[in-house]
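Notes follow the structure.
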Amino acid sequence: MLLFNNQQDKDNLCVKPEFFRLREKEDKLRFEALLKDKPHIKFYDQIESQLDELVKSKHPKNKPEGARLVELRNEHLGNCSPEEYGVWVYYPWNERVVHLLDETEFIEMRTNRNIYKITREERDILSRQKIGVVGLSVGQSVSVTLAMERGFGEIRLADFDVLELTNLNRIRTGVHNLGIPKVVIVAREIKEIDPFLKVTLFADGLTDENMDRFFTEGGKLDIVVDECDGLDMKILLRHKAKSLHIPVVMDASDRGTLDVERFDLEPDRPILHGFIDHLDHTRIRELKTNEEKIPYLIPMVGLTTMSDRLKASMVEVGQSITTWPQLASAVVLGGALGADVCRRIALDQYHESGRYFVDLEELVGDRKKPASDDYRVKAYDVAELTLTEMERIAGNYRMGGEYLSPDKNAVSAIVTAAGLAPSGGNSQPWKWLFYNDQLFLFHDRKQSVSWMDFNDTASYISFGTSIENLKIKAGELGLETSYELFPLADEKKLIGVFSFRKSMAAPYLGDLSTGLALRLTNRKKGDMRPLEGSVIQKISEHVSRGSEAELQVITDREQIERIAEIVSGVERLRFLFPQAHHELYTKEIVWPSESGEPIVEGIDINTLELSESDKTGLIVASKPEVINLLNRWGGGTAFEKISKSSVASSSAIAMVTMPEYSDKNFIKGGEALQRAWITANLNGIAVQPISGMLFMFDRLNKTNGEGMPAKMVAELAELQKALFHIFNGIDQRCPIFIFRLSNAGQASVRSLKKPLEEILKFSAQ
């Protein structure tokens with residue numbers, strides 16, 4: 001079995017060919033010794049054809065052929081035999097000897113067909129260039145292209161990595177080079193193209209220790225090509241290049257993205273076009289995790305400008321693929337772009353800095369893009385509820401009995417408290433009208449209508465939470481609240497009518513009044529510490545207080561982790577289903593504006609308590625084209641990550657239920673939920689809703705999954721079955737709301753609410 005031993009000979013890392021000029025006695029003796037020692041060496045002798053090309057190049061008008069060509073060739077040889085003419089080049093790594101024209105004539109002929117794209121004078125300028133290339137995936141293509149054009153005299157190659165099988169999708173080499181350092185492979189390829197070019201290797205990659213040598217030893221570099229993967233080195237090499245006034249060129253191998261930074265002409269230019277000027281560059285070596293690196297990486301790669309396929313692929317990194325994909329065609333294009341720009345910089349033909357795109361799909365593509373119905377969405381929209389309409393509806397209602405008319409300040413205080421209540425996606429679907437000494441609550445469906453708010457149940461829960469706030473605040477003001485839900489059977493826009501009397505009893509839920517402004521959604525991860533039994537008991541009692549609502553609390557760790565899997569599974573389906581995805585990005589999630597205006601509607605992205613990588617994932621996943629690709633690939637499991645870990649970190653999972661499914665029960669369930677929420681917050685327990693899955697299950701059950709893909713219907717049904725298996729008896733009651741309870745730190749950001757004047761109107765009638 002000795003045949004199969006992996007024996008690496010002494011030439012395994014060799015990159016320097018040997019030159020033998022047989023007219024020189026010493027070289028001839030060395031050559032003869034080589035042939036004696038290695039009789040199996042392969043010879044490649046095409047010196048006569050090279051001489052013929054040389055002769056023809058000297059007579060471009062006459063184009064000599066046949067006997068005349070032989071005559072001119074012999075005349076050029078003079079007294080020298082063909083065997084002794086030129087140079088024999090021995091390549092130890094493949095044990096080949098190639099007979100070539102010597103350096104001056106070789107260069108003349110090898111660059112002959114560049115003339116006049118590159119003149120001889122320009123060729124001579126290029127031959128004095130020193131170019132450094134860091135990273136040898138795209139860097140290999142740049143280096144080899146530069147060598148083919150003879151765009152340098154010396155090239156310095158830095159890469160610490162060896163060739164792996166997965167590299168062969170974009171690095172042009174053979175399988176026999178697996179396990180060999182990339183610098184060696186590229187150096188050999190350059191030497192096989194042109195043995196007279198100088199190649200200097202930095203097989204440890206670019207490091208703090210060798211950076212000075214890389215940039216200056218043997219003469220300062222003229223250009224640096226950055227194609228390394230290391231975030232820290234990308235920044236550090238630019239600072240070094242800037243200090244030495246050396247231009248930097250970088251290709252991103254996506255959409256033909258090319259960066260040029262002319263530190264030679266703009267010594268004060270910020271690195272990376274100023275994209276990361278807001279960050280502390282001095283900390284770059286301290287960054288260890290992806291979370292720490294993301295703020296630096298995203299501006300560098302250009303998140304908004306990268307291709308849809310790369311964005312979708314980013315979602316799959318760490319899920320179905322191990323790293324960012326690169327294609328050979330993009331790498332080769334990058335090699336061409338990088339080499340072209342390096343040549344023009346060296347020849348003083350190009351003087352700008354910037355980020356450029358040579359996007360072949362845009363430049364060479366169908367003028368008429370094929371229509372796609374993969375991302376079909378319905379526009380759920382209704383007209384805004386106007387004051388005139390509210391007054392018309394209110395005028396149709398008459399409440400009997402005696403009640404007092406609170407003054408304007410009291411009404412404002414009551415509705416301000418009501419407006420602090422939670423609502424799905426912070427939609428705040430309520431409008432209040434003080435009319436005829438009574439307070440009317442209306443549903444402005446303009447704020448809430450959506451696929452997720454099936455049968456308006458999410459809105460009804462929100463109205464319940466708002467009503468509970470109203471009752472508590474009124475009690476604090478010494479008022480007793482009476483109200484009627486859906487008082488006009490044919491007018492669903494009117495949710496309730498409220499009247500007030502002076503209360504002689506203790507304030508309604510006075511122990512919760514201090515929690516009205518305290519209550520908030522806290523999505524921070526918990527520490528999984530068990531909740532005290534007395535706190536759970538207190539929350540449960542408030543849920544059931546004067547209500548048919550019940551609270552079921554799950555504290556078993558294994559069941560909590562199973563719920564986390566269910567929630568994250570539904571979350572993935574929500575991201576991948578076009579309609580739900582569309583609403584998530586158009587009706588719920590809101591990114592801060594550049595002007596810094598407060599976000600008073602929708603979910604401020606900063607309240608989600610996301611890691612930088614998860615926040616980036618949300619941005620990447622915002623485009624419909626990305627979702628289409630993920631659906632075609634069967635991907636998207638990364639979307640489970642966002643919610644799974646936070647749900648799994650909970651101390652408990654709680655669900656509010658009512659006896660049966662009805663509009664009023666969803667409102668009453670919302671009232672019970674608010675009591676639970678305030679109680680939990682007053683006891684230092686964080687609350688986060690995870691009810692999106694209940695709304696999707698509701699639509700599934702009531703419509704048989706109408707409009708959903710069959711696979712989604714099947715998955716939702718299984719996930720619902722799994723959830724119902726955990727919560728005992730839930731199939732006999734109506735699930736209203738589910739939320740996580742946690743011991744967690746303070747929320748980073750609180751959701752803001754619309755100003756009072758937008759939700760409360762005083763009628764003049």
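Following the order of the structure tokens, chains are lettered A, B, ..., residues in each are numbered from 1, and ligands are numbered from 1.
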Self-check item: Contact residues around Gly205 (chain A) with only C-alpha atoms at 10 Å, ignoring same-chain residues under 2 positions, as an MDAnalysis selection string
Solution: chainID A and resid 134:136 157:161 183 201:203 207:208 210:211 214 228 233
Self-check item: Shell around region 165-168 of chain A at 9 Å using only C-alpha atoms, local window under 6 positions removed, as a PyMOL selection string
Solution: chain A and resi 137+174-175+178-179+328
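CA of Pro659 (chain A) to CA of Ala458 (chain A) spans 17.3 Å [interatomic distance, one decimal].
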Practice problem: Mind giving me the straight-line distance from CA of Gly425 (chain A) to CA of Leu518 (chain A) in Å, one decimal? | Solution: 19.0 Å
Contacts of region 604-615 of chain A within 6 Å, only C-alpha atoms, excl. fewer than 4 positions in-chain, as an mmCIF file with N, CA, C and O atoms, in the first residue's frame:
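Final output, selection09.cif:
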data_model
loop_
_atom_site.group_PDB
_atom_site.id
_atom_site.type_symbol
_atom_site.label_atom_id
_atom_site.label_comp_id
_atom_site.auth_asym_id
_atom_site.auth_seq_id
_atom_site.Cartn_x
_atom_site.Cartn_y
_atom_site.Cartn_z
ATOM 1 N N GLU A 291 -21.962 39.442 16.065
ATOM 2 C CA GLU A 291 -22.817 40.539 16.527
ATOM 3 C C GLU A 291 -22.019 41.829 16.617
ATOM 4 O O GLU A 291 -22.516 42.911 16.306
ATOM 5 N N ARG A 523 -39.311 42.665 25.096
ATOM 6 C CA ARG A 523 -38.916 41.497 24.304
ATOM 7 C C ARG A 523 -37.516 41.000 24.634
ATOM 8 O O ARG A 523 -36.980 40.158 23.907
ATOM 9 N N LYS A 524 -36.940 41.508 25.706
ATOM 10 C CA LYS A 524 -35.613 41.034 26.084
ATOM 11 C C LYS A 524 -35.672 39.567 26.515
ATOM 12 O O LYS A 524 -36.683 39.098 27.052
ATOM 13 N N VAL A 590 -41.249 49.274 11.757
ATOM 14 C CA VAL A 590 -40.882 50.626 11.326
ATOM 15 C C VAL A 590 -39.437 50.888 11.722
ATOM 16 O O VAL A 590 -39.044 50.649 12.868
ATOM 17 N N TRP A 591 -38.647 51.370 10.759
ATOM 18 C CA TRP A 591 -37.265 51.758 11.029
ATOM 19 C C TRP A 591 -37.210 53.256 11.317
ATOM 20 O O TRP A 591 -37.925 54.043 10.686
ATOM 21 N N VAL A 749 -36.247 50.152 24.653
ATOM 22 C CA VAL A 749 -37.075 51.215 24.062
ATOM 23 C C VAL A 749 -38.540 50.898 24.334
ATOM 24 O O VAL A 749 -38.950 49.737 24.286
#
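You can rank A:Ile321, A:Ile536, A:Ile180, A:Ala371 by their closest distance to Asn683 (chain A) using only C-alpha atoms, and at the top of that list sits A:Ile536.
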Practice problem: Please run DSSP on the backbone and report, as a ChimeraX atom specification, all residues within region 127-338 of chain A that come out as strand (DSSP E or B). | Solution: /A:130-134,154-158,162,181,198-202,223-226,248-251,257-261,317,321
Practice problem: Give the answer as one residue: which of A:Val620, A:Leu520, A:Val656, A:Leu287 has the shortest atom-to-atom distance to Ser748 (chain A), using only C-alpha atoms? | Solution: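 Looking at the shortest contact to Ser748 (chain A), the residue is A:Leu520.
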Quiz item: So which residues of region 282-394 of chain A fall under helix (DSSP H, G or I) by DSSP, listed as a PyMOL selection string?
Solution: chain A and resi 282-286+290-301+308-316+328-346+360-363+387-394
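Closest to Lys431 (chain A) among A:Gly354, A:Gly634, A:Gly526, A:Pro755 is A:Pro755, based on only C-alpha atoms.
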Quiz item: For the atom pair CA of Ser662 (chain A) and CA of Asn455 (chain A), what is the interatomic distance in Å to one decimal place?
Solution: 10.1 Å
Contact check, region 502-593 of chain A to region 691-697 of chain A, at most 12 Å, counting only C-alpha atoms, closest pairs as JSON lines:
{"residue": "A:Ile563", "atom": "CA", "partner": "A:Met693", "partner_atom": "CA", "distance": 10.9}
{"residue": "A:Ala564", "atom": "CA", "partner": "A:Met693", "partner_atom": "CA", "distance": 11.5}
{"residue": "A:Glu565", "atom": "CA", "partner": "A:Met693", "partner_atom": "CA", "distance": 11.8}
{"residue": "A:Ile566", "atom": "CA", "partner": "A:Met693", "partner_atom": "CA", "distance": 8.6}
{"residue": "A:Val567", "atom": "CA", "partner": "A:Met693", "partner_atom": "CA", "distance": 6.7}
{"residue": "A:Ser568", "atom": "CA", "partner": "A:Met693", "partner_atom": "CA", "distance": 9.4}
{"residue": "A:Gly569", "atom": "CA", "partner": "A:Met693", "partner_atom": "CA", "distance": 9.3}
{"residue": "A:Val570", "atom": "CA", "partner": "A:Met693", "partner_atom": "CA", "distance": 6.0}
{"residue": "A:Glu571", "atom": "CA", "partner": "A:Met693", "partner_atom": "CA", "distance": 7.6}
{"residue": "A:Arg572", "atom": "CA", "partner": "A:Met693", "partner_atom": "CA", "distance": 10.7}
{"residue": "A:Leu573", "atom": "CA", "partner": "A:Met693", "partner_atom": "CA", "distance": 9.8}
{"residue": "A:Arg574", "atom": "CA", "partner": "A:Met696", "partner_atom": "CA", "distance": 8.6}
{"residue": "A:Phe575", "atom": "CA", "partner": "A:Gly692", "partner_atom": "CA", "distance": 11.7}
{"residue": "A:Phe577", "atom": "CA", "partner": "A:Met696", "partner_atom": "CA", "distance": 11.2}
{"residue": "A:Gln579", "atom": "CA", "partner": "A:Met696", "partner_atom": "CA", "distance": 11.9}
{"residue": "A:Ala580", "atom": "CA", "partner": "A:Met696", "partner_atom": "CA", "distance": 9.5}
{"residue": "A:Leu584", "atom": "CA", "partner": "A:Gly692", "partner_atom": "CA", "distance": 11.1}
Practice problem: Pick out the closest residue to Ile495 (chain A) from this set: A:Asp373, A:Phe19, A:Lys664, A:Lys61. Count only C-alpha atoms. | Solution: A:Lys664
Practice problem: Do a neighbour search on Arg309 (chain A) at 10 Å with only C-alpha atoms, toss out local chain neighbours closer than 5 positions, and write the hits as a ChimeraX atom specification. | Solution: /A:254,314,325,625-626,629-630
Self-check item: Long-range neighbours of Val98 (chain A) as number ranges by chain, 6 Å cut-off, only C-alpha atoms, 4 positions minimum in chain
Solution: A: 44-45, 88-89
Residue selection dump (all heavy atoms) as an mmCIF file, in the first residue's frame:
data_model
loop_
_atom_site.group_PDB
_atom_site.id
_atom_site.type_symbol
_atom_site.label_atom_id
_atom_site.label_comp_id
_atom_site.auth_asym_id
_atom_site.auth_seq_id
_atom_site.Cartn_x
_atom_site.Cartn_y
_atom_site.Cartn_z
ATOM 1 N N TYR A 44 9.133 20.480 -23.595
ATOM 2 C CA TYR A 44 8.218 21.216 -24.459
ATOM 3 C C TYR A 44 9.058 22.229 -25.224
ATOM 4 O O TYR A 44 9.452 23.265 -24.682
ATOM 5 C CB TYR A 44 7.133 21.914 -23.627
ATOM 6 C CG TYR A 44 6.253 20.936 -22.883
ATOM 7 C CD1 TYR A 44 6.647 20.446 -21.640
ATOM 8 C CD2 TYR A 44 5.062 20.493 -23.434
ATOM 9 C CE1 TYR A 44 5.857 19.535 -20.956
ATOM 10 C CE2 TYR A 44 4.265 19.584 -22.757
ATOM 11 C CZ TYR A 44 4.668 19.106 -21.522
ATOM 12 O OH TYR A 44 3.886 18.196 -20.860
ATOM 13 N N ASP A 45 9.360 21.902 -26.478
ATOM 14 C CA ASP A 45 10.263 22.739 -27.264
ATOM 15 C C ASP A 45 9.542 23.248 -28.503
ATOM 16 O O ASP A 45 9.371 22.532 -29.491
ATOM 17 C CB ASP A 45 11.507 21.942 -27.661
ATOM 18 C CG ASP A 45 12.543 22.815 -28.375
ATOM 19 O OD1 ASP A 45 12.268 24.020 -28.555
ATOM 20 O OD2 ASP A 45 13.607 22.289 -28.731
ATOM 21 N N TRP A 88 15.979 27.688 -21.408
ATOM 22 C CA TRP A 88 15.186 26.520 -21.021
ATOM 23 C C TRP A 88 14.724 26.756 -19.581
ATOM 24 O O TRP A 88 15.533 27.039 -18.707
ATOM 25 C CB TRP A 88 16.007 25.232 -21.103
ATOM 26 C CG TRP A 88 16.383 24.863 -22.512
ATOM 27 C CD1 TRP A 88 17.417 25.353 -23.245
ATOM 28 C CD2 TRP A 88 15.702 23.922 -23.324
ATOM 29 N NE1 TRP A 88 17.447 24.783 -24.497
ATOM 30 C CE2 TRP A 88 16.385 23.877 -24.572
ATOM 31 C CE3 TRP A 88 14.599 23.093 -23.172
ATOM 32 C CZ2 TRP A 88 16.003 23.057 -25.625
ATOM 33 C CZ3 TRP A 88 14.211 22.267 -24.215
ATOM 34 C CH2 TRP A 88 14.908 22.260 -25.432
ATOM 35 N N VAL A 89 13.421 26.640 -19.375
ATOM 36 C CA VAL A 89 12.845 26.918 -18.053
ATOM 37 C C VAL A 89 12.325 25.610 -17.467
ATOM 38 O O VAL A 89 11.485 24.927 -18.081
ATOM 39 C CB VAL A 89 11.702 27.945 -18.143
ATOM 40 C CG1 VAL A 89 11.156 28.256 -16.753
ATOM 41 C CG2 VAL A 89 12.186 29.234 -18.815
#
Quiz prompt | Nearest candidate to Ser650 (chain A) (options A:Asn628, A:Ser742, A:Ser503, A:Ser622; using only C-alpha atoms) | solution = A:Ser742
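Distances from A:Asp232, A:Asp52, A:Glu588, A:Glu316 to Met300 (chain A) were compared using only C-alpha atoms, and the smallest one belongs to A:Asp232.
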Using only C-alpha atoms, find each residue of region 146-184 of chain A with at least one atom at most 10 Å away from an atom of region 119-127 of chain A; report its shortest atom-to-atom pair and that distance in Å (one decimal), sort the rows by chain and rising residue number, and return the result as a Markdown table.
| residue | atom | partner | partner_atom | distance |
| --- | --- | --- | --- | --- |
| A:Leu146 | CA | A:Leu126 | CA | 9.9 |
| A:Glu149 | CA | A:Arg123 | CA | 8.9 |
| A:Arg150 | CA | A:Ser127 | CA | 6.9 |
| A:Gly151 | CA | A:Leu126 | CA | 5.1 |
| A:Phe152 | CA | A:Ser127 | CA | 4.8 |
| A:Gly153 | CA | A:Ser127 | CA | 4.2 |
| A:Glu154 | CA | A:Ser127 | CA | 7.9 |
Suppose we keep C-alpha atoms; can you now write the selection as a CSV table (one decimal), in the first residue's frame?
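The resulting file, result25.csv, is reproduced below:
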chain,number,residue,atom,x,y,z
A,146,LEU,CA,-2.8,41.2,-14.3
A,149,GLU,CA,-1.6,41.7,-19.4
A,150,ARG,CA,1.8,42.0,-17.8
A,151,GLY,CA,0.4,44.7,-15.6
A,152,PHE,CA,3.2,44.6,-13.0
A,153,GLY,CA,6.8,43.9,-12.5
A,154,GLU,CA,6.3,42.5,-9.0
Exercise. Could you give me, as a PyMOL selection string, the residues within 6 Å of Ala654 (chain A), counting only C-alpha atoms and dropping anything in the same chain fewer than 4 positions from it?
Key: chain A and resi 552-553+738-739
Using only N, CA, C and O atoms, please write the residues we just selected to a file, as a compact mmCIF listing (two decimals), in the first residue's frame.
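The resulting file, out_2.txt, is shown below:
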# COMPACT_ATOMS: atom_id res chain seq x y z
N GLN A 552 -54.10 29.97 31.79
CA GLN A 552 -53.34 28.72 31.94
C GLN A 552 -51.86 29.06 31.78
O GLN A 552 -51.48 29.72 30.81
N VAL A 553 -51.07 28.64 32.74
CA VAL A 553 -49.65 29.01 32.77
C VAL A 553 -48.79 27.75 32.66
O VAL A 553 -48.98 26.80 33.42
N ILE A 738 -51.80 34.66 23.90
CA ILE A 738 -50.71 33.92 24.52
C ILE A 738 -49.50 34.84 24.63
O ILE A 738 -49.24 35.64 23.73
N PHE A 739 -48.81 34.76 25.76
CA PHE A 739 -47.68 35.66 25.99
C PHE A 739 -46.65 34.97 26.87
O PHE A 739 -46.94 34.00 27.57
Practice problem: Within 9 Å of Phe666 (chain A), counting only C-alpha atoms, which residues show up once you throw out same-chain ones fewer than 2 positions away? Write them as an MDAnalysis selection string, please. | Solution: chainID A and resid 457:464 658 661:664 668:671 734 736
